[in-house]
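Novice: Pasting data_4.cif below, which is mmCIF, C-alpha atoms.
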```
data_target
#
loop_
_atom_site.label_atom_id
_atom_site.label_comp_id
_atom_site.auth_asym_id
_atom_site.auth_seq_id
_atom_site.Cartn_x
_atom_site.Cartn_y
_atom_site.Cartn_z
CA MET A 25 89.92 99.19 -43.60
CA GLU A 26 90.30 102.96 -44.15
CA LYS A 27 90.35 103.45 -40.35
CA HIS A 28 93.19 100.97 -40.03
CA LYS A 29 95.20 102.76 -42.74
CA PHE A 30 94.60 106.10 -41.03
CA ALA A 31 95.74 104.75 -37.63
CA LEU A 32 98.89 103.32 -39.21
CA ALA A 33 99.65 106.66 -40.84
CA LEU A 34 99.28 108.42 -37.49
CA LEU A 35 101.70 105.95 -35.89
CA VAL A 36 104.31 106.54 -38.58
CA LEU A 37 103.97 110.31 -38.19
CA PHE A 38 104.42 110.02 -34.42
CA LEU A 39 107.61 107.97 -34.69
CA ALA A 40 109.05 110.37 -37.24
CA ALA A 41 108.22 113.39 -35.07
CA SER A 42 109.70 111.89 -31.93
CA GLY A 43 113.02 111.00 -33.51
CA CYS A 44 112.72 107.42 -32.16
CA VAL A 45 113.25 104.29 -34.19
CA LYS A 46 111.18 101.24 -33.42
CA PRO A 47 113.35 98.09 -33.53
CA ASP A 48 112.06 94.69 -34.53
CA ASN A 49 111.33 93.73 -30.91
CA GLY A 50 108.76 96.49 -30.54
CA THR A 51 110.65 98.71 -28.08
CA VAL A 52 111.29 102.39 -28.70
CA GLY A 53 114.51 104.33 -29.12
CA ARG A 54 117.15 101.99 -27.66
CA VAL A 55 120.67 103.34 -27.35
CA SER A 56 123.42 100.73 -26.92
CA ASP A 57 126.55 102.88 -26.61
CA GLU A 58 126.80 106.44 -27.91
CA SER A 59 124.15 108.15 -29.99
CA GLU A 60 122.98 111.63 -30.81
CA LEU A 61 120.13 113.11 -28.84
CA PRO A 62 116.87 113.10 -30.80
CA SER A 63 115.54 116.41 -32.04
CA PRO A 64 113.00 118.04 -29.67
CA MET A 65 109.48 116.81 -30.26
CA SER A 66 106.83 119.25 -31.42
CA SER A 67 104.52 120.62 -28.77
CA PRO A 68 101.33 118.69 -27.86
CA ALA A 69 99.24 121.40 -29.52
CA ASP A 70 101.08 120.88 -32.81
CA LEU A 71 100.68 117.10 -32.71
CA SER A 72 97.08 116.99 -31.46
CA GLU A 73 96.05 113.35 -30.98
CA LEU A 74 99.42 112.19 -32.35
CA TYR A 75 100.99 113.08 -28.96
CA VAL A 76 100.57 109.61 -27.48
CA PRO A 77 103.25 107.18 -26.23
CA VAL A 78 104.15 104.09 -28.22
CA ILE A 79 105.80 101.84 -25.65
CA ALA A 80 106.08 98.06 -25.29
CA ASP A 81 105.00 96.37 -22.04
CA PHE A 82 107.58 96.74 -19.28
CA GLU A 83 108.04 96.42 -15.51
CA LEU A 84 109.59 99.04 -13.24
CA ILE A 85 112.89 98.08 -11.57
CA THR A 86 113.47 101.43 -9.82
CA ASP A 87 111.34 104.45 -9.01
CA PRO A 88 111.72 107.48 -11.30
CA LEU A 89 114.56 109.83 -10.34
CA SER A 90 114.30 113.41 -11.57
CA THR A 91 116.95 116.07 -12.03
CA LYS A 92 116.92 119.04 -9.65
CA ASP A 93 114.98 121.17 -12.12
CA GLY A 94 112.49 118.36 -12.66
CA MET A 95 112.94 118.48 -16.43
CA MET A 96 114.50 115.04 -16.98
CA THR A 97 113.70 111.72 -15.33
CA ALA A 98 115.62 108.44 -15.26
CA GLN A 99 114.45 105.03 -14.14
CA ILE A 100 115.36 101.39 -14.69
CA ILE A 101 112.84 99.24 -16.52
CA ARG A 102 112.73 95.75 -17.99
CA TYR A 103 110.72 94.86 -21.08
CA ALA A 104 108.30 91.97 -20.94
CA GLY A 105 110.04 88.74 -21.92
CA ASP A 106 113.51 90.35 -21.68
CA ASP A 107 115.90 89.92 -18.72
CA SER A 108 118.02 92.96 -19.59
CA ASN A 109 117.91 96.14 -17.53
CA VAL A 110 117.20 99.30 -19.49
CA ILE A 111 117.69 102.93 -18.44
CA ARG A 112 114.71 104.96 -19.59
CA LEU A 113 115.27 108.72 -19.98
CA THR A 114 112.27 111.00 -20.37
CA GLU A 115 111.83 114.75 -20.57
CA GLU A 116 108.47 116.29 -19.70
CA ASP A 117 106.75 112.93 -20.34
CA ARG A 118 108.54 112.57 -23.69
CA LEU A 119 110.65 109.49 -24.27
CA LEU A 120 114.26 110.46 -25.05
CA ALA A 121 116.01 107.10 -25.11
CA ASP A 122 116.25 103.61 -23.67
CA ILE A 123 119.85 102.67 -22.87
CA LEU A 124 120.60 98.97 -22.58
CA PHE A 125 122.75 97.63 -19.72
CA GLU A 126 125.64 95.23 -20.25
CA ASN A 127 124.19 93.06 -17.46
CA SER A 128 120.90 92.45 -15.69
CA ASN A 129 122.17 92.24 -12.12
CA GLN A 130 120.63 93.90 -9.08
CA VAL A 131 120.57 97.71 -9.30
CA LEU A 132 122.02 99.22 -6.11
CA ASN A 133 121.91 102.95 -6.81
CA LEU A 134 120.83 105.52 -9.38
CA GLU A 135 121.97 109.15 -9.06
CA TRP A 136 122.34 112.41 -10.96
CA LEU A 137 125.77 114.06 -10.61
CA GLY A 138 127.74 117.05 -11.86
CA GLY A 139 124.84 119.48 -12.01
CA ASP A 140 122.63 116.79 -13.56
CA SER A 141 125.02 116.37 -16.49
CA ILE A 142 125.93 112.81 -15.46
CA LEU A 143 123.76 109.83 -14.63
CA ALA A 144 125.50 107.09 -12.61
CA VAL A 145 124.08 103.61 -12.08
CA THR A 146 125.63 101.14 -9.63
CA SER A 147 124.72 97.46 -9.95
CA HIS A 148 125.92 94.30 -8.23
CA ILE A 149 128.30 91.87 -9.95
CA ASN A 150 129.69 89.67 -7.14
CA PRO A 151 130.62 90.08 -3.44
CA SER A 152 133.77 92.04 -4.29
CA THR A 153 132.78 93.94 -7.43
CA ASN A 154 130.10 96.36 -8.59
CA GLN A 155 129.44 97.71 -12.06
CA TYR A 156 129.44 101.51 -12.28
CA LEU A 157 127.78 102.82 -15.42
CA VAL A 158 128.36 106.50 -16.22
CA ILE A 159 126.18 108.25 -18.80
CA GLU A 160 127.34 111.71 -19.84
CA LEU A 161 124.50 113.84 -21.18
CA ASN A 162 126.09 116.32 -23.52
CA GLU A 163 125.39 116.47 -27.25
CA LYS A 164 125.46 112.69 -27.21
CA TYR A 165 124.78 109.93 -24.69
CA LYS A 166 128.25 108.67 -23.87
CA THR A 167 128.31 105.53 -21.74
CA SER A 168 131.33 104.23 -19.79
CA TYR A 169 131.58 101.12 -17.60
CA TYR A 170 133.83 100.65 -14.57
CA TYR A 171 134.17 97.54 -12.40
CA GLY A 172 135.22 97.67 -8.75
CA PHE A 173 134.04 99.51 -5.62
CA ALA A 174 134.44 102.81 -3.70
CA PHE A 175 133.75 105.07 -6.71
CA VAL A 176 134.79 108.66 -5.88
CA TRP A 177 134.64 111.70 -8.20
CA ASN A 178 136.83 114.78 -8.10
CA GLU A 179 135.14 118.06 -7.24
CA SER A 180 134.56 119.09 -10.88
CA PHE A 181 133.26 115.64 -11.91
CA THR A 182 135.85 115.37 -14.64
CA ASN A 183 137.75 112.43 -13.14
CA LEU A 184 136.67 109.27 -11.35
CA TYR A 185 138.69 107.13 -8.95
CA TYR A 186 137.85 103.65 -7.74
CA ILE A 187 139.31 100.43 -6.36
CA LYS A 188 139.50 97.40 -8.64
CA PRO A 189 139.90 93.93 -7.08
CA ASP A 190 141.37 90.88 -8.72
CA PRO A 191 138.81 88.61 -10.41
CA HIS A 192 136.59 86.92 -7.83
CA PHE A 193 137.97 83.62 -6.48
CA SER A 194 141.35 84.22 -8.15
CA GLU A 195 144.52 82.98 -6.49
CA GLY A 196 146.09 85.64 -4.31
CA THR A 197 144.65 89.08 -3.75
CA VAL A 198 145.72 92.36 -5.29
CA ASN A 199 143.66 95.56 -5.25
CA SER A 200 144.39 98.41 -7.64
CA LEU A 201 143.63 102.09 -7.28
CA MET A 202 142.37 103.22 -10.69
CA ASP A 203 141.37 106.47 -12.35
CA LYS A 204 138.81 107.17 -15.05
CA ASN A 205 141.37 106.49 -17.81
CA GLU A 206 142.14 103.07 -16.27
CA ASN A 207 145.59 104.13 -15.09
CA VAL A 208 146.76 101.91 -12.20
CA LEU A 209 147.94 104.43 -9.61
CA TYR A 210 148.70 101.98 -6.81
CA ARG A 211 148.55 98.23 -6.16
CA THR A 212 148.57 96.36 -2.87
CA MET A 213 151.07 93.58 -2.13
CA ASP A 214 151.31 90.38 -0.08
CA ASN A 215 147.58 89.60 -0.32
CA ASN A 216 146.64 92.85 1.42
CA ARG A 217 143.34 94.42 0.40
CA MET A 218 141.89 97.91 0.26
CA THR A 219 138.57 98.47 1.99
CA ALA A 220 135.77 100.67 0.68
CA ALA A 221 137.03 103.53 2.88
CA PHE A 222 138.64 105.87 0.35
CA ALA A 223 139.10 109.65 -0.03
CA VAL A 224 140.67 112.03 -2.55
CA SER A 225 142.12 115.46 -1.78
CA PRO A 226 140.59 118.44 -3.65
CA ASP A 227 143.71 118.87 -5.81
CA GLU A 228 143.81 115.08 -6.47
CA ASN A 229 147.44 114.90 -5.35
CA HIS A 230 146.75 112.77 -2.26
CA PHE A 231 144.62 109.71 -1.60
CA ALA A 232 143.69 108.08 1.71
CA VAL A 233 142.97 104.34 1.73
CA VAL A 234 142.56 101.69 4.41
CA ILE A 235 144.59 98.53 3.81
CA ARG A 236 143.58 95.30 5.54
CA THR A 237 146.03 92.43 6.05
CA LEU A 238 145.21 88.71 6.07
CA GLU A 239 145.19 88.99 9.88
CA ALA A 240 142.42 91.63 9.59
CA GLU A 241 144.70 94.43 10.79
CA GLU A 242 143.82 97.77 9.23
CA THR A 243 146.17 100.65 8.44
CA LEU A 244 145.32 104.07 7.06
CA VAL A 245 147.76 104.83 4.24
CA ILE A 246 148.29 108.22 2.62
CA LEU A 247 149.33 108.08 -1.02
CA LYS A 248 150.91 110.95 -2.92
CA ARG A 249 150.49 111.26 -6.65
CA PHE A 250 153.81 111.81 -8.41
CA ASP A 251 152.56 111.71 -12.02
CA ASP A 252 149.46 110.72 -14.00
CA GLU A 253 150.07 107.03 -13.44
CA THR A 254 151.83 106.69 -10.07
CA ALA A 255 150.85 107.22 -6.43
CA ASN A 256 153.15 106.03 -3.64
CA PRO A 257 152.72 105.75 0.16
CA VAL A 258 154.05 108.77 2.09
CA GLY A 259 152.47 108.24 5.51
CA ILE A 260 150.57 105.74 7.66
CA ILE A 261 148.40 105.56 10.75
CA GLY A 262 148.67 102.06 12.17
CA ASP A 263 145.93 100.08 13.91
CA PHE A 264 143.30 102.38 12.44
CA SER A 265 139.55 102.10 13.00
CA GLY A 266 137.27 104.96 12.07
CA ASP A 267 136.31 107.38 9.30
CA PHE A 268 138.23 110.09 7.47
CA SER A 269 137.95 112.85 4.86
CA PHE A 270 140.11 115.60 3.37
CA LEU A 271 139.26 119.07 4.70
CA ASP A 272 141.61 120.66 2.17
CA ASN A 273 144.78 119.77 0.28
CA GLU A 274 146.89 119.71 3.44
CA THR A 275 144.55 118.51 6.18
CA LEU A 276 142.88 115.19 6.95
CA LYS A 277 139.98 114.89 9.39
CA ILE A 278 139.86 111.59 11.27
CA THR A 279 136.90 110.38 13.31
CA LEU A 280 137.74 107.38 15.48
CA TYR A 281 135.25 104.63 16.30
CA THR A 282 134.95 106.19 19.78
CA GLY A 283 133.56 109.36 18.20
CA GLU A 284 136.70 111.38 18.86
CA ALA A 285 137.58 113.64 15.93
CA ARG A 286 140.96 115.18 15.16
CA LYS A 287 142.54 117.18 12.37
CA ILE A 288 145.97 116.13 11.15
CA MET A 289 148.27 117.88 8.72
CA LEU A 290 149.43 115.52 5.99
CA LYS A 291 153.07 116.42 6.65
CA ASP A 292 152.69 115.22 10.26
CA ILE A 293 151.04 111.84 9.60
CA LEU A 294 154.28 109.90 9.71
CA GLN A 295 154.50 110.46 13.47
CA TYR A 296 151.32 108.37 13.83
CA GLY A 297 152.92 105.39 12.10
CA ALA A 298 152.72 101.90 13.55
#
```
Mind turning this structure into structure tokens?
Specialist:
Amino acid sequence: MEKHKFALALLVLFLAASGCVKPDNGTVGRVSDESELPSPMSSPADLSELYVPVIADFELITDPLSTKDGMMTAQIIRYAGDDSNVIRLTEEDRLLADILFENSNQVLNLEWLGGDSILAVTSHINPSTNQYLVIELNEKYKTSYYYGFAFVWNESFTNLYYIKPDPHFSEGTVNSLMDKNENVLYRTMDNNRMTAAFAVSPDENHFAVVIRTLEAEETLVILKRFDDETANPVGIIGDFSGDFSFLDNETLKITLYTGEARKIMLKDILQYGA
């Protein structure tokens, strides 16, 4: 009986030292939206045999993914008897937090961004939409959800752009070019769609998108940003098939399906119009 009391006391001391709270379901340290980082745990030497994990049974959904310095690791897990995906963050084998997903769909990609200050998780929703979960690791874990495809960050990782389709199986088709603050910069018309081919200039004043018609014709459209909430077409390349990227704020590199590459100044793109 005394041994059982002693073991229980050790468990309580461990949970207090780790800064984790054990919910009723037996898991450790879940974070649902935004929470403060736990205080650093004492060193193993200080805790002696108390430095042991207290973790419920779980299965691995993804392999561990470490930051460049190897200090922090993220992976997707799923607790036994629970269909929800959970992001597990650890630091030097110490559990920091478990962050619960809003859905349990197939995980497509897990990546560290912005000098390992951002963790991004892409998961599948339906044939036209993915969920993009962004976790900012500052003083708190701040989580943001975006729904669409072709997620592209600016160079400083302070703004995110993506394409948002109409709800799946809705009547008609409209795609919207969105930013991180959910401003609608541009919307297609006449049931035209944007493809996943999408690029942003370094100064974020120009966007390049491919628009596909109902007849499957594709046109490369250059959009210019006129204010925080508006981007309008300023140039087109008709009957387009290939890849593209911005070399700088004034130049677009185009690689055709034949492998031919060319550089085009944005001010000259109109001459390539259909």
Novice: Please expand the PyMOL selection byres ((chain A and resi 242-250) around 8) into the concrete residues it hits in this file, giving the result as an mmCIF file with C-alpha atoms, in the frame of the given file.
Specialist:
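result-v4.cif, written as the output of this step:
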```cif
data_model
loop_
_atom_site.group_PDB
_atom_site.id
_atom_site.type_symbol
_atom_site.label_atom_id
_atom_site.label_comp_id
_atom_site.auth_asym_id
_atom_site.auth_seq_id
_atom_site.Cartn_x
_atom_site.Cartn_y
_atom_site.Cartn_z
ATOM 1 C CA LEU A 209 147.940 104.430 -9.610
ATOM 2 C CA GLU A 228 143.810 115.080 -6.470
ATOM 3 C CA ASN A 229 147.440 114.900 -5.350
ATOM 4 C CA HIS A 230 146.750 112.770 -2.260
ATOM 5 C CA PHE A 231 144.620 109.710 -1.600
ATOM 6 C CA ALA A 232 143.690 108.080 1.710
ATOM 7 C CA VAL A 233 142.970 104.340 1.730
ATOM 8 C CA VAL A 234 142.560 101.690 4.410
ATOM 9 C CA ILE A 235 144.590 98.530 3.810
ATOM 10 C CA ARG A 236 143.580 95.300 5.540
ATOM 11 C CA THR A 237 146.030 92.430 6.050
ATOM 12 C CA ALA A 240 142.420 91.630 9.590
ATOM 13 C CA GLU A 241 144.700 94.430 10.790
ATOM 14 C CA ASP A 251 152.560 111.710 -12.020
ATOM 15 C CA ASP A 252 149.460 110.720 -14.000
ATOM 16 C CA GLU A 253 150.070 107.030 -13.440
ATOM 17 C CA THR A 254 151.830 106.690 -10.070
ATOM 18 C CA ALA A 255 150.850 107.220 -6.430
ATOM 19 C CA ASN A 256 153.150 106.030 -3.640
ATOM 20 C CA PRO A 257 152.720 105.750 0.160
ATOM 21 C CA VAL A 258 154.050 108.770 2.090
ATOM 22 C CA GLY A 259 152.470 108.240 5.510
ATOM 23 C CA ILE A 260 150.570 105.740 7.660
ATOM 24 C CA ILE A 261 148.400 105.560 10.750
ATOM 25 C CA GLY A 262 148.670 102.060 12.170
ATOM 26 C CA ASP A 263 145.930 100.080 13.910
ATOM 27 C CA PHE A 264 143.300 102.380 12.440
ATOM 28 C CA SER A 265 139.550 102.100 13.000
#
```
Novice: Evaluating the PyMOL selection byres ((chain A and resi 103) around 7) on the displayed file yields which residues, as a list in words?
Specialist: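 For this structure, the PyMOL selection byres ((chain A and resi 103) around 7) resolves to Asp81, Phe82, Glu83, Ile101, Arg102, Ala104, Gly105 and Asp106 of chain A.
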Novice: Output C-alpha atoms for every residue in the selection just made, as an mmCIF file, keeping the file's coordinate frame.
Specialist:
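Result file is part23.cif:
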```cif
data_model
loop_
_atom_site.group_PDB
_atom_site.id
_atom_site.type_symbol
_atom_site.label_atom_id
_atom_site.label_comp_id
_atom_site.auth_asym_id
_atom_site.auth_seq_id
_atom_site.Cartn_x
_atom_site.Cartn_y
_atom_site.Cartn_z
ATOM 1 C CA ASP A 81 105.000 96.370 -22.040
ATOM 2 C CA PHE A 82 107.580 96.740 -19.280
ATOM 3 C CA GLU A 83 108.040 96.420 -15.510
ATOM 4 C CA ILE A 101 112.840 99.240 -16.520
ATOM 5 C CA ARG A 102 112.730 95.750 -17.990
ATOM 6 C CA ALA A 104 108.300 91.970 -20.940
ATOM 7 C CA GLY A 105 110.040 88.740 -21.920
ATOM 8 C CA ASP A 106 113.510 90.350 -21.680
#
```
Novice: Between CA of Gly172 in chain A and CA of Thr279 in chain A, measure the distance and give it in Å to one decimal.
Specialist: 25.5 Å
Novice: Specify as a PyMOL selection string each residue included when the PyMOL selection byres ((chain A and resi 115) around 10) is applied to this file.
Specialist: chain A and resi 64+90+94-98+113-114+116-121
Novice: Which is closest to Gln155 in chain A among A:Gly139, A:Pro88, A:Leu184, A:Gln130, if we use all atoms listed in the file?
Specialist: A:Gln130
Novice: To one decimal place, how far is CA of Val131 in chain A from CA of Phe268 in chain A in Å?
Specialist: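 Distance between the two atoms: 27.3 Å.
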Novice: Dump as a short mmCIF file (atom, residue, chain, number, x, y, z; two decimals) with C-alpha atoms, in the coordinates of the input all residues having an atom at most 10 Å from (136.5, 117.6, -11.6), computed in the file's coordinates with all atoms listed in the file.
Specialist:
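Just written: part.cif:
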```cif
data_model
loop_
_atom_site.label_atom_id
_atom_site.label_comp_id
_atom_site.auth_asym_id
_atom_site.auth_seq_id
_atom_site.Cartn_x
_atom_site.Cartn_y
_atom_site.Cartn_z
CA GLY A 138 127.74 117.05 -11.86
CA TRP A 177 134.64 111.70 -8.20
CA ASN A 178 136.83 114.78 -8.10
CA GLU A 179 135.14 118.06 -7.24
CA SER A 180 134.56 119.09 -10.88
CA PHE A 181 133.26 115.64 -11.91
CA THR A 182 135.85 115.37 -14.64
CA ASN A 183 137.75 112.43 -13.14
CA LEU A 184 136.67 109.27 -11.35
CA PRO A 226 140.59 118.44 -3.65
CA ASP A 227 143.71 118.87 -5.81
CA GLU A 228 143.81 115.08 -6.47
#
```
Novice: Figure out the distance between CA of Asn150 in chain A and CA of Pro191 in chain A, please, to one decimal in Å.
Specialist: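 Interatomic distance here is 9.7 Å.
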Novice: Write out as an MDAnalysis selection string each polymer residue whose atoms come within 8 Å of Val198 in chain A, counting all atoms listed in the file; drop sequence neighbours fewer than 5 positions from it.
Specialist: chainID A and resid 189:190 211:217
Novice: Generate N, CA, C and O atoms for range 113-134 of chain A and emit them as a PDB file, keeping the file's coordinate frame.
Specialist:
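rebuild-v3.pdb written:
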```pdb
ATOM      1  N   LEU A 113     115.153 107.278 -20.186  1.00  0.00           N
ATOM      2  CA  LEU A 113     115.270 108.720 -19.980  1.00  0.00           C
ATOM      3  C   LEU A 113     114.072 109.411 -20.620  1.00  0.00           C
ATOM      4  O   LEU A 113     113.763 109.176 -21.802  1.00  0.00           O
ATOM      5  N   THR A 114     113.411 110.246 -19.846  1.00  0.00           N
ATOM      6  CA  THR A 114     112.270 111.000 -20.370  1.00  0.00           C
ATOM      7  C   THR A 114     112.439 112.470 -20.016  1.00  0.00           C
ATOM      8  O   THR A 114     113.134 112.823 -19.067  1.00  0.00           O
ATOM      9  N   GLU A 115     111.809 113.313 -20.807  1.00  0.00           N
ATOM     10  CA  GLU A 115     111.830 114.750 -20.570  1.00  0.00           C
ATOM     11  C   GLU A 115     110.428 115.290 -20.767  1.00  0.00           C
ATOM     12  O   GLU A 115     109.872 115.225 -21.869  1.00  0.00           O
ATOM     13  N   GLU A 116     109.835 115.785 -19.675  1.00  0.00           N
ATOM     14  CA  GLU A 116     108.470 116.290 -19.700  1.00  0.00           C
ATOM     15  C   GLU A 116     107.529 115.272 -20.352  1.00  0.00           C
ATOM     16  O   GLU A 116     106.774 115.583 -21.281  1.00  0.00           O
ATOM     17  N   ASP A 117     107.601 114.031 -19.865  1.00  0.00           N
ATOM     18  CA  ASP A 117     106.750 112.930 -20.340  1.00  0.00           C
ATOM     19  C   ASP A 117     107.037 112.518 -21.774  1.00  0.00           C
ATOM     20  O   ASP A 117     106.252 111.787 -22.387  1.00  0.00           O
ATOM     21  N   ARG A 118     108.144 112.974 -22.332  1.00  0.00           N
ATOM     22  CA  ARG A 118     108.540 112.570 -23.690  1.00  0.00           C
ATOM     23  C   ARG A 118     109.694 111.599 -23.593  1.00  0.00           C
ATOM     24  O   ARG A 118     110.683 111.858 -22.911  1.00  0.00           O
ATOM     25  N   LEU A 119     109.593 110.478 -24.273  1.00  0.00           N
ATOM     26  CA  LEU A 119     110.650 109.490 -24.270  1.00  0.00           C
ATOM     27  C   LEU A 119     111.856 110.001 -25.055  1.00  0.00           C
ATOM     28  O   LEU A 119     111.751 110.337 -26.223  1.00  0.00           O
ATOM     29  N   LEU A 120     113.022 110.064 -24.378  1.00  0.00           N
ATOM     30  CA  LEU A 120     114.260 110.460 -25.050  1.00  0.00           C
ATOM     31  C   LEU A 120     115.005 109.248 -25.578  1.00  0.00           C
ATOM     32  O   LEU A 120     115.378 109.194 -26.745  1.00  0.00           O
ATOM     33  N   ALA A 121     115.241 108.271 -24.694  1.00  0.00           N
ATOM     34  CA  ALA A 121     116.010 107.100 -25.110  1.00  0.00           C
ATOM     35  C   ALA A 121     115.898 105.999 -24.073  1.00  0.00           C
ATOM     36  O   ALA A 121     115.642 106.253 -22.901  1.00  0.00           O
ATOM     37  N   ASP A 122     116.081 104.779 -24.520  1.00  0.00           N
ATOM     38  CA  ASP A 122     116.250 103.610 -23.670  1.00  0.00           C
ATOM     39  C   ASP A 122     117.674 103.109 -23.872  1.00  0.00           C
ATOM     40  O   ASP A 122     118.074 102.805 -24.990  1.00  0.00           O
ATOM     41  N   ILE A 123     118.437 103.045 -22.789  1.00  0.00           N
ATOM     42  CA  ILE A 123     119.850 102.670 -22.870  1.00  0.00           C
ATOM     43  C   ILE A 123     120.020 101.299 -22.241  1.00  0.00           C
ATOM     44  O   ILE A 123     119.725 101.099 -21.063  1.00  0.00           O
ATOM     45  N   LEU A 124     120.503 100.356 -23.009  1.00  0.00           N
ATOM     46  CA  LEU A 124     120.600  98.970 -22.580  1.00  0.00           C
ATOM     47  C   LEU A 124     121.822  98.737 -21.711  1.00  0.00           C
ATOM     48  O   LEU A 124     122.916  99.186 -22.031  1.00  0.00           O
ATOM     49  N   PHE A 125     121.641  98.009 -20.584  1.00  0.00           N
ATOM     50  CA  PHE A 125     122.750  97.630 -19.720  1.00  0.00           C
ATOM     51  C   PHE A 125     123.586  96.537 -20.379  1.00  0.00           C
ATOM     52  O   PHE A 125     123.136  95.816 -21.251  1.00  0.00           O
ATOM     53  N   GLU A 126     124.824  96.364 -19.856  1.00  0.00           N
ATOM     54  CA  GLU A 126     125.640  95.230 -20.250  1.00  0.00           C
ATOM     55  C   GLU A 126     125.323  94.002 -19.390  1.00  0.00           C
ATOM     56  O   GLU A 126     125.775  92.912 -19.670  1.00  0.00           O
ATOM     57  N   ASN A 127     124.587  94.203 -18.295  1.00  0.00           N
ATOM     58  CA  ASN A 127     124.190  93.060 -17.460  1.00  0.00           C
ATOM     59  C   ASN A 127     122.814  93.324 -16.887  1.00  0.00           C
ATOM     60  O   ASN A 127     122.260  94.416 -17.017  1.00  0.00           O
ATOM     61  N   SER A 128     122.245  92.328 -16.256  1.00  0.00           N
ATOM     62  CA  SER A 128     120.900  92.450 -15.690  1.00  0.00           C
ATOM     63  C   SER A 128     120.925  92.170 -14.194  1.00  0.00           C
ATOM     64  O   SER A 128     119.972  91.637 -13.640  1.00  0.00           O
ATOM     65  N   ASN A 129     122.041  92.508 -13.540  1.00  0.00           N
ATOM     66  CA  ASN A 129     122.170  92.240 -12.120  1.00  0.00           C
ATOM     67  C   ASN A 129     121.392  93.260 -11.292  1.00  0.00           C
ATOM     68  O   ASN A 129     120.831  94.225 -11.820  1.00  0.00           O
ATOM     69  N   GLN A 130     121.377  93.054  -9.989  1.00  0.00           N
ATOM     70  CA  GLN A 130     120.630  93.900  -9.080  1.00  0.00           C
ATOM     71  C   GLN A 130     121.136  95.343  -9.126  1.00  0.00           C
ATOM     72  O   GLN A 130     122.327  95.611  -8.999  1.00  0.00           O
ATOM     73  N   VAL A 131     120.226  96.290  -9.300  1.00  0.00           N
ATOM     74  CA  VAL A 131     120.570  97.710  -9.300  1.00  0.00           C
ATOM     75  C   VAL A 131     120.658  98.184  -7.850  1.00  0.00           C
ATOM     76  O   VAL A 131     119.713  98.030  -7.076  1.00  0.00           O
ATOM     77  N   LEU A 132     121.800  98.767  -7.486  1.00  0.00           N
ATOM     78  CA  LEU A 132     122.020  99.220  -6.110  1.00  0.00           C
ATOM     79  C   LEU A 132     121.744 100.709  -5.936  1.00  0.00           C
ATOM     80  O   LEU A 132     121.276 101.140  -4.888  1.00  0.00           O
ATOM     81  N   ASN A 133     122.043 101.500  -6.965  1.00  0.00           N
ATOM     82  CA  ASN A 133     121.910 102.950  -6.810  1.00  0.00           C
ATOM     83  C   ASN A 133     121.808 103.634  -8.162  1.00  0.00           C
ATOM     84  O   ASN A 133     122.408 103.195  -9.138  1.00  0.00           O
ATOM     85  N   LEU A 134     121.027 104.707  -8.183  1.00  0.00           N
ATOM     86  CA  LEU A 134     120.830 105.520  -9.380  1.00  0.00           C
ATOM     87  C   LEU A 134     120.920 106.969  -8.925  1.00  0.00           C
ATOM     88  O   LEU A 134     120.210 107.374  -8.007  1.00  0.00           O
TER      89      LEU A 134
END
```
